[in-house]
Structure formats: C-alpha cells, structure tokens
$ cat entry_3.txt   # compact mmCIF, C-alpha atoms
# COMPACT_ATOMS: atom_id res chain seq x y z
CA MET A 1 83.64 101.49 87.40
CA SER A 2 83.25 103.94 84.55
CA ARG A 3 85.73 105.99 82.59
CA LEU A 4 85.27 109.53 81.33
CA THR A 5 87.40 111.33 78.78
CA THR A 6 87.62 115.03 77.90
CA ARG A 7 90.02 117.42 76.20
CA PRO A 8 92.04 119.73 76.34
CA ARG A 9 94.91 119.47 78.83
CA ALA A 10 93.87 122.70 80.59
CA ALA A 11 90.77 120.83 81.69
CA ALA A 12 92.98 118.76 84.00
CA ALA A 13 93.85 121.78 86.10
CA ALA A 14 90.23 122.88 86.28
CA ALA A 15 89.11 119.39 87.26
CA ALA A 16 91.76 119.13 89.95
CA LEU A 17 90.61 122.46 91.40
CA ALA A 18 86.98 121.32 91.31
CA LEU A 19 87.91 118.04 93.01
CA THR A 20 89.93 119.85 95.66
CA THR A 21 86.91 122.04 96.36
CA ALA A 22 84.64 118.99 96.49
CA LEU A 23 87.08 117.21 98.79
CA THR A 24 87.17 120.20 101.12
CA ALA A 25 83.38 120.22 101.22
CA ALA A 26 83.26 116.46 101.85
CA VAL A 27 85.72 116.72 104.72
CA ALA A 28 83.84 119.70 106.14
CA GLY A 29 80.76 117.46 106.11
CA ALA A 30 82.38 115.37 108.84
CA GLY A 31 80.42 117.56 111.23
CA PRO A 32 81.23 120.26 113.75
CA ALA A 33 80.08 118.07 116.65
CA GLN A 34 83.38 116.18 116.64
CA ALA A 35 85.91 117.03 119.31
CA VAL A 36 88.71 117.85 116.88
CA THR A 37 91.70 119.73 118.23
CA ASP A 38 93.01 120.53 114.76
CA THR A 39 90.47 121.16 112.04
CA PHE A 40 93.13 121.18 109.34
CA LYS A 41 96.74 120.29 108.74
CA ILE A 42 98.93 121.45 105.89
CA VAL A 43 101.64 118.98 104.93
CA PHE A 44 104.66 119.61 102.73
CA GLN A 45 108.17 118.43 101.97
CA ASP A 46 110.65 120.47 103.98
CA ASN A 47 114.13 121.44 102.76
CA ASP A 48 115.55 118.23 104.30
CA ASN A 49 113.17 116.13 102.13
CA VAL A 50 111.06 114.91 105.05
CA LEU A 51 107.32 115.18 105.65
CA ALA A 52 106.49 118.27 107.69
CA GLY A 53 103.49 120.47 108.33
CA TYR A 54 101.44 123.00 110.23
CA SER A 55 98.06 122.81 111.93
CA ASN A 56 95.41 125.45 112.58
CA SER A 57 96.42 125.44 116.26
CA GLY A 58 99.68 127.06 115.17
CA SER A 59 101.84 124.04 115.88
CA SER A 60 104.38 122.81 113.38
CA PHE A 61 105.70 119.29 113.09
CA THR A 62 108.41 117.36 111.29
CA THR A 63 108.32 113.61 110.83
CA PRO A 64 111.23 111.26 110.19
CA GLN A 65 109.49 110.16 106.97
CA GLY A 66 111.83 110.69 104.02
CA MET A 67 110.22 111.92 100.83
CA MET A 68 111.32 111.71 97.20
CA ALA A 69 112.68 115.13 96.25
CA GLY A 70 110.30 117.31 94.24
CA THR A 71 107.09 115.53 95.24
CA SER A 72 104.09 116.76 97.22
CA PRO A 73 102.27 114.94 100.03
CA ALA A 74 98.50 114.83 100.47
CA VAL A 75 96.49 114.78 103.71
CA ALA A 76 92.95 113.79 104.68
CA LEU A 77 90.90 114.59 107.80
CA LEU A 78 89.37 111.28 108.88
CA THR A 79 85.93 110.86 110.43
CA ASP A 80 87.47 110.25 113.87
CA GLY A 81 89.16 113.69 113.76
CA THR A 82 92.66 112.36 113.02
CA PHE A 83 94.70 112.84 109.86
CA GLU A 84 96.32 110.48 107.36
CA ALA A 85 99.06 111.65 104.98
CA ALA A 86 100.19 109.98 101.76
CA PHE A 87 103.47 110.71 100.00
CA GLU A 88 106.11 109.28 97.70
CA ALA A 89 108.81 107.92 100.01
CA ASN A 90 112.48 108.43 99.21
CA ASN A 91 112.65 104.83 97.93
CA ASP A 92 109.93 105.42 95.25
CA THR A 93 107.21 103.62 97.22
CA LEU A 94 103.86 104.80 98.54
CA GLY A 95 104.31 106.13 102.07
CA LEU A 96 101.44 106.60 104.52
CA THR A 97 101.55 108.06 107.99
CA HIS A 98 98.88 108.59 110.59
CA LEU A 99 99.66 112.06 111.90
CA GLY A 100 99.66 111.56 115.62
CA GLY A 101 101.32 108.15 115.51
CA GLY A 102 101.90 105.21 113.22
CA THR A 103 103.48 104.82 109.81
CA LEU A 104 102.64 102.24 107.18
CA THR A 105 105.57 101.16 105.06
CA THR A 106 104.43 99.71 101.75
CA THR A 107 106.29 98.03 98.93
CA LEU A 108 103.95 99.62 96.39
CA GLY A 109 106.23 101.18 93.79
CA MET A 110 105.47 104.65 92.47
CA ASP A 111 106.51 106.37 89.25
CA PRO A 112 109.47 108.54 90.35
CA GLY A 113 108.56 112.18 90.90
CA THR A 114 104.80 111.71 91.17
CA SER A 115 102.54 112.41 94.13
CA PRO A 116 99.61 110.42 95.54
CA ALA A 117 96.14 111.68 96.42
CA ILE A 118 94.21 110.65 99.55
CA ALA A 119 90.66 111.19 100.77
CA ALA A 120 88.67 110.23 103.86
CA LEU A 121 85.77 107.82 103.44
CA PRO A 122 82.52 108.78 105.24
CA SER A 123 82.26 105.25 106.66
CA GLY A 124 85.73 105.61 108.21
CA GLY A 125 89.16 104.95 106.79
CA TRP A 126 90.65 106.41 103.64
CA ILE A 127 91.42 105.73 99.98
CA ALA A 128 94.67 106.69 98.23
CA ALA A 129 95.32 106.90 94.48
CA PHE A 130 98.76 106.92 92.87
CA GLN A 131 100.69 106.19 89.68
CA ASP A 132 102.65 102.97 90.06
CA ASN A 133 106.05 102.31 88.55
CA ASP A 134 104.39 100.72 85.48
CA ASN A 135 102.43 103.95 84.84
CA LYS A 136 99.06 102.53 85.90
CA LEU A 137 96.50 104.09 88.23
CA TYR A 138 96.49 102.15 91.51
CA LEU A 139 94.31 102.47 94.59
CA TYR A 140 95.20 101.53 98.16
CA ASP A 141 92.85 101.78 101.13
CA SER A 142 93.03 101.76 104.92
CA ALA A 143 91.94 98.09 104.99
CA GLY A 144 95.07 97.17 103.00
CA HIS A 145 93.35 96.50 99.68
CA LYS A 146 95.45 97.25 96.59
CA THR A 147 93.59 97.73 93.31
CA ASN A 148 95.17 97.91 89.87
CA THR A 149 92.64 99.80 87.75
CA ASP A 150 94.68 98.84 84.65
CA LEU A 151 94.21 102.43 83.43
CA GLY A 152 97.39 103.88 81.93
CA MET A 153 98.68 107.23 83.17
CA ASP A 154 100.95 109.72 81.43
CA PRO A 155 104.40 109.25 83.06
CA GLY A 156 105.24 111.88 85.65
CA THR A 157 101.63 112.91 86.36
CA SER A 158 99.61 112.61 89.57
CA PRO A 159 95.93 111.85 90.21
CA ALA A 160 93.34 113.83 92.21
CA ILE A 161 90.50 112.26 94.23
CA ALA A 162 87.21 113.46 95.73
CA ILE A 163 84.56 111.74 97.82
CA GLN A 164 80.94 112.18 96.79
CA PRO A 165 77.92 112.19 99.10
CA GLY A 166 77.14 108.59 99.95
CA GLY A 167 80.79 107.52 99.93
CA ALA A 168 81.48 106.93 96.24
CA TYR A 169 84.67 108.52 94.97
CA LYS A 170 86.00 109.88 91.70
CA ILE A 171 89.58 110.08 90.57
CA VAL A 172 90.83 112.17 87.67
CA PHE A 173 94.19 111.78 86.00
CA GLN A 174 96.04 112.43 82.77
CA ASP A 175 96.00 109.17 80.84
CA ASN A 176 98.71 107.72 78.63
CA ASP A 177 97.07 109.34 75.57
CA ASN A 178 97.54 112.77 77.22
CA VAL A 179 93.80 113.07 77.86
CA LEU A 180 91.97 113.92 81.08
CA ALA A 181 90.40 110.68 82.25
CA GLY A 182 88.41 109.57 85.27
CA TYR A 183 87.76 106.54 87.41
CA ASN A 184 84.50 106.18 89.34
CA SER A 185 84.16 103.79 92.27
CA THR A 186 80.55 103.06 91.35

$ encode --input "entry_3.txt" --output "structure tokens"
Amino acid sequence: MSRLTTRPRAAAAAAALALTTALTAAVAGAGPAQAVTDTFKIVFQDNDNVLAGYSNSGSSFTTPQGMMAGTSPAVALLTDGTFEAAFEANNDTLGLTHLGGGTLTTTLGMDPGTSPAIAALPSGGWIAAFQDNDNKLYLYDSAGHKTNTDLGMDPGTSPAIAIQPGGAYKIVFQDNDNVLAGYNST
C-alpha cells in the first residue's frame, strides 16, 4: 500500500473524473465476446429513496432497497456480464445488491450522507470503498473481506476507485487534512 498526497481541493474533482474514465476503460476491457444482454446500467436514488435504474436495453427497474436520502449509488459491470451496485442503505450501512438477484445486508456502518464506490476486478468479483462511521477509508470485497486502511477521511466525503491493468486498484479520497489522498492496492 502506498499513499499519495496533492493539493488543491479542485484536484479531487479532476482525479475523480480521471478515475471514472479509467474505470470505464477497465470495464470496457471485459471484452466484446461476452454474451451480455445489458452493456451498461445507470443506477440512482429515486424520489421514494430506493435504488432504481435504467439499462441500455431501455428497461427500467426499481428495487426494494432503501437508500439514505441524498446519497448516490455506484455500479460495476462484472466479468461474468452481471452488475453489482453499492449504496448507503437507509440505516447508514453499506448496502450491496447483485442486479438480477441477491442482496447482501452488511452491518458495516457508513458516515451519514456519503456514497460508496465499487469496481469490478478482472479476476472476477468486485471491490467497494467507503467512508465508515469513524471517518476512515474502508474496503469490502465480494469474498467478504473487510479492510480498515486506517486512513482518515474528511467527514461527508466519498471515495472514487479505478482498476488498473493487471488487477491492482487505486482509490482517491479527501483526507481528514482536506487534502486529496490515495490508496494503492499494491
């Protein structure tokens, strides 16, 4: 693990955009040979505070998963062509749902009003990053491993994650000194 630090605050927005672009490229690298019925899904919190979304096939969906008001879910296209969504549940815990069936209820507390990030791993599965209720950067993966990075986050902020070629990942976040910081899996 390594940590990077830069300034100013505007760099956080630029880094998040760069990571989103990298994540899109990494997901696109899953390969066109897969028999995927939906190549993308857009997830959001609907006006009833539940997880909802649209897919490229034109279908819309609403789940029974309650979300904390004012937060944003994240979604990842997995290597098997399915999707996993991460969100802050309406009880301030990390919520995960496999779009197409299956929900994982965790007891992992989140800082109220923050949103998790999620990315597909090339070897299968996924990794999620979130701010816990003690304002630390935490990771949770599809194998059920919870990792406390012990890196402080600025309260009320949310991380971004991107997978690199080879499967390593990088997470950027605003640390508790109000500085753009990063966590590398390698």

$ residues_around --input "entry_3.txt" --residues "Thr82 in chain A" --least-positions-apart "3" --cutoff "10 Å" --atoms "only C-alpha atoms" --output "MDAnalysis selection string"
chainID A and resid 36:41 76:79 98:101

$ residues_around --input "entry_3.txt" --residues "range 141-144 of chain A" --least-positions-apart "6" --cutoff "8 Å" --atoms "all atoms listed in the file" --output "list in words"
Gly125, Trp126, Ile127 and Ala128 of chain A

$ residues_around --input "entry_3.txt" --residues "Met153 in chain A" --least-positions-apart "3" --cutoff "6 Å" --atoms "all atoms listed in the file" --output "mmCIF file with C-alpha atoms, in the coordinates of the input"
data_model
loop_
_atom_site.group_PDB
_atom_site.id
_atom_site.type_symbol
_atom_site.label_atom_id
_atom_site.label_comp_id
_atom_site.auth_asym_id
_atom_site.auth_seq_id
_atom_site.Cartn_x
_atom_site.Cartn_y
_atom_site.Cartn_z
ATOM 1 C CA ASN A 135 102.430 103.950 84.840
ATOM 2 C CA LYS A 136 99.060 102.530 85.900
ATOM 3 C CA GLN A 174 96.040 112.430 82.770
ATOM 4 C CA ASP A 175 96.000 109.170 80.840
ATOM 5 C CA ASN A 176 98.710 107.720 78.630
#

$ closest_residue --input "entry_3.txt" --among "A:Ala120, A:Leu51, A:Ile161, A:Val43" --to "Thr103 in chain A" --atoms "only C-alpha atoms"
A:Leu51

$ residues_near_point --input "entry_3.txt" --point "(96.3, 107.9, 84.0)" --cutoff "10 Å" --atoms "all atoms listed in the file" --output "ChimeraX atom specification"
/A:130-131,135-138,149-159,171-183

$ write_last_selection --input "entry_3.txt" --atoms "C-alpha atoms" --output "PDB file, in the frame of the given file"
ATOM      1  CA  PHE A 130      98.760 106.920  92.870  1.00  0.00           C
ATOM      2  CA  GLN A 131     100.690 106.190  89.680  1.00  0.00           C
ATOM      3  CA  ASN A 135     102.430 103.950  84.840  1.00  0.00           C
ATOM      4  CA  LYS A 136      99.060 102.530  85.900  1.00  0.00           C
ATOM      5  CA  LEU A 137      96.500 104.090  88.230  1.00  0.00           C
ATOM      6  CA  TYR A 138      96.490 102.150  91.510  1.00  0.00           C
ATOM      7  CA  THR A 149      92.640  99.800  87.750  1.00  0.00           C
ATOM      8  CA  ASP A 150      94.680  98.840  84.650  1.00  0.00           C
ATOM      9  CA  LEU A 151      94.210 102.430  83.430  1.00  0.00           C
ATOM     10  CA  GLY A 152      97.390 103.880  81.930  1.00  0.00           C
ATOM     11  CA  MET A 153      98.680 107.230  83.170  1.00  0.00           C
ATOM     12  CA  ASP A 154     100.950 109.720  81.430  1.00  0.00           C
ATOM     13  CA  PRO A 155     104.400 109.250  83.060  1.00  0.00           C
ATOM     14  CA  GLY A 156     105.240 111.880  85.650  1.00  0.00           C
ATOM     15  CA  THR A 157     101.630 112.910  86.360  1.00  0.00           C
ATOM     16  CA  SER A 158      99.610 112.610  89.570  1.00  0.00           C
ATOM     17  CA  PRO A 159      95.930 111.850  90.210  1.00  0.00           C
ATOM     18  CA  ILE A 171      89.580 110.080  90.570  1.00  0.00           C
ATOM     19  CA  VAL A 172      90.830 112.170  87.670  1.00  0.00           C
ATOM     20  CA  PHE A 173      94.190 111.780  86.000  1.00  0.00           C
ATOM     21  CA  GLN A 174      96.040 112.430  82.770  1.00  0.00           C
ATOM     22  CA  ASP A 175      96.000 109.170  80.840  1.00  0.00           C
ATOM     23  CA  ASN A 176      98.710 107.720  78.630  1.00  0.00           C
ATOM     24  CA  ASP A 177      97.070 109.340  75.570  1.00  0.00           C
ATOM     25  CA  ASN A 178      97.540 112.770  77.220  1.00  0.00           C
ATOM     26  CA  VAL A 179      93.800 113.070  77.860  1.00  0.00           C
ATOM     27  CA  LEU A 180      91.970 113.920  81.080  1.00  0.00           C
ATOM     28  CA  ALA A 181      90.400 110.680  82.250  1.00  0.00           C
ATOM     29  CA  GLY A 182      88.410 109.570  85.270  1.00  0.00           C
ATOM     30  CA  TYR A 183      87.760 106.540  87.410  1.00  0.00           C
TER      31      TYR A 183
END

$ atom_distance --input "entry_3.txt" --atom1 "CA of Ser60 in chain A" --atom2 "CA of Ile163 in chain A"
27.5 Å

$ closest_residue --input "entry_3.txt" --among "A:Tyr54, A:Tyr140, A:Phe61, A:Phe44" --to "Pro73 in chain A" --atoms "only C-alpha atoms"
A:Phe44

$ build_atoms --input "entry_3.txt" --residues "range 88-99 of chain A" --atoms "all heavy atoms" --output "mmCIF file, in the frame of the given file"
data_model
loop_
_atom_site.group_PDB
_atom_site.id
_atom_site.type_symbol
_atom_site.label_atom_id
_atom_site.label_comp_id
_atom_site.auth_asym_id
_atom_site.auth_seq_id
_atom_site.Cartn_x
_atom_site.Cartn_y
_atom_site.Cartn_z
ATOM 1 N N GLU A 88 105.151 110.161 98.334
ATOM 2 C CA GLU A 88 106.110 109.280 97.700
ATOM 3 C C GLU A 88 107.354 109.251 98.575
ATOM 4 O O GLU A 88 108.010 110.267 98.771
ATOM 5 C CB GLU A 88 106.481 109.713 96.285
ATOM 6 C CG GLU A 88 107.437 108.723 95.641
ATOM 7 C CD GLU A 88 107.769 109.004 94.186
ATOM 8 O OE1 GLU A 88 107.249 109.967 93.615
ATOM 9 O OE2 GLU A 88 108.569 108.225 93.633
ATOM 10 N N ALA A 89 107.650 108.075 99.122
ATOM 11 C CA ALA A 89 108.810 107.920 100.010
ATOM 12 C C ALA A 89 110.103 108.020 99.195
ATOM 13 O O ALA A 89 110.098 107.897 97.962
ATOM 14 C CB ALA A 89 108.735 106.583 100.734
ATOM 15 N N ASN A 90 111.202 108.246 99.899
ATOM 16 C CA ASN A 90 112.480 108.430 99.210
ATOM 17 C C ASN A 90 113.018 107.155 98.568
ATOM 18 O O ASN A 90 114.083 107.171 97.972
ATOM 19 C CB ASN A 90 113.517 109.058 100.153
ATOM 20 C CG ASN A 90 113.698 108.275 101.433
ATOM 21 O OD1 ASN A 90 113.178 107.188 101.589
ATOM 22 N ND2 ASN A 90 114.437 108.854 102.357
ATOM 23 N N ASN A 91 112.280 106.062 98.635
ATOM 24 C CA ASN A 91 112.650 104.830 97.930
ATOM 25 C C ASN A 91 111.654 104.519 96.805
ATOM 26 O O ASN A 91 111.530 103.375 96.378
ATOM 27 C CB ASN A 91 112.775 103.660 98.899
ATOM 28 C CG ASN A 91 111.472 103.333 99.600
ATOM 29 O OD1 ASN A 91 110.480 104.052 99.454
ATOM 30 N ND2 ASN A 91 111.464 102.260 100.367
ATOM 31 N N ASP A 92 110.916 105.546 96.337
ATOM 32 C CA ASP A 92 109.930 105.420 95.250
ATOM 33 C C ASP A 92 108.802 104.462 95.572
ATOM 34 O O ASP A 92 108.291 103.762 94.703
ATOM 35 C CB ASP A 92 110.595 105.015 93.928
ATOM 36 C CG ASP A 92 111.364 106.152 93.283
ATOM 37 O OD1 ASP A 92 110.913 107.303 93.379
ATOM 38 O OD2 ASP A 92 112.421 105.878 92.685
ATOM 39 N N THR A 93 108.378 104.413 96.836
ATOM 40 C CA THR A 93 107.210 103.620 97.220
ATOM 41 C C THR A 93 106.170 104.538 97.842
ATOM 42 O O THR A 93 106.474 105.656 98.259
ATOM 43 C CB THR A 93 107.565 102.505 98.226
ATOM 44 O OG1 THR A 93 108.112 103.103 99.400
ATOM 45 C CG2 THR A 93 108.547 101.506 97.630
ATOM 46 N N LEU A 94 104.939 104.049 97.898
ATOM 47 C CA LEU A 94 103.860 104.800 98.540
ATOM 48 C C LEU A 94 104.099 104.792 100.043
ATOM 49 O O LEU A 94 104.242 103.731 100.650
ATOM 50 C CB LEU A 94 102.510 104.153 98.224
ATOM 51 C CG LEU A 94 101.291 104.780 98.903
ATOM 52 C CD1 LEU A 94 101.065 106.201 98.414
ATOM 53 C CD2 LEU A 94 100.055 103.920 98.651
ATOM 54 N N GLY A 95 104.173 105.984 100.627
ATOM 55 C CA GLY A 95 104.310 106.130 102.070
ATOM 56 C C GLY A 95 103.017 106.664 102.658
ATOM 57 O O GLY A 95 102.355 107.507 102.063
ATOM 58 N N LEU A 96 102.645 106.166 103.818
ATOM 59 C CA LEU A 96 101.440 106.600 104.520
ATOM 60 C C LEU A 96 101.780 106.783 105.983
ATOM 61 O O LEU A 96 102.481 105.957 106.568
ATOM 62 C CB LEU A 96 100.329 105.570 104.368
ATOM 63 C CG LEU A 96 99.880 105.346 102.919
ATOM 64 C CD1 LEU A 96 99.350 103.959 102.723
ATOM 65 C CD2 LEU A 96 98.865 106.392 102.535
ATOM 66 N N THR A 97 101.314 107.857 106.573
ATOM 67 C CA THR A 97 101.550 108.060 107.990
ATOM 68 C C THR A 97 100.315 108.637 108.646
ATOM 69 O O THR A 97 99.652 109.508 108.089
ATOM 70 C CB THR A 97 102.792 108.948 108.253
ATOM 71 O OG1 THR A 97 103.093 108.947 109.642
ATOM 72 C CG2 THR A 97 102.609 110.360 107.772
ATOM 73 N N HIS A 98 99.995 108.091 109.806
ATOM 74 C CA HIS A 98 98.880 108.590 110.590
ATOM 75 C C HIS A 98 99.439 109.695 111.469
ATOM 76 O O HIS A 98 100.226 109.425 112.376
ATOM 77 C CB HIS A 98 98.273 107.456 111.434
ATOM 78 C CG HIS A 98 96.959 107.804 112.033
ATOM 79 N ND1 HIS A 98 95.809 107.875 111.282
ATOM 80 C CD2 HIS A 98 96.614 108.115 113.298
ATOM 81 C CE1 HIS A 98 94.807 108.207 112.066
ATOM 82 N NE2 HIS A 98 95.269 108.365 113.292
ATOM 83 N N LEU A 99 99.093 110.928 111.164
ATOM 84 C CA LEU A 99 99.660 112.060 111.900
ATOM 85 C C LEU A 99 99.146 112.009 113.327
ATOM 86 O O LEU A 99 97.964 112.131 113.581
ATOM 87 C CB LEU A 99 99.312 113.378 111.220
ATOM 88 C CG LEU A 99 99.836 113.493 109.786
ATOM 89 C CD1 LEU A 99 99.366 114.788 109.147
ATOM 90 C CD2 LEU A 99 101.337 113.375 109.732
#
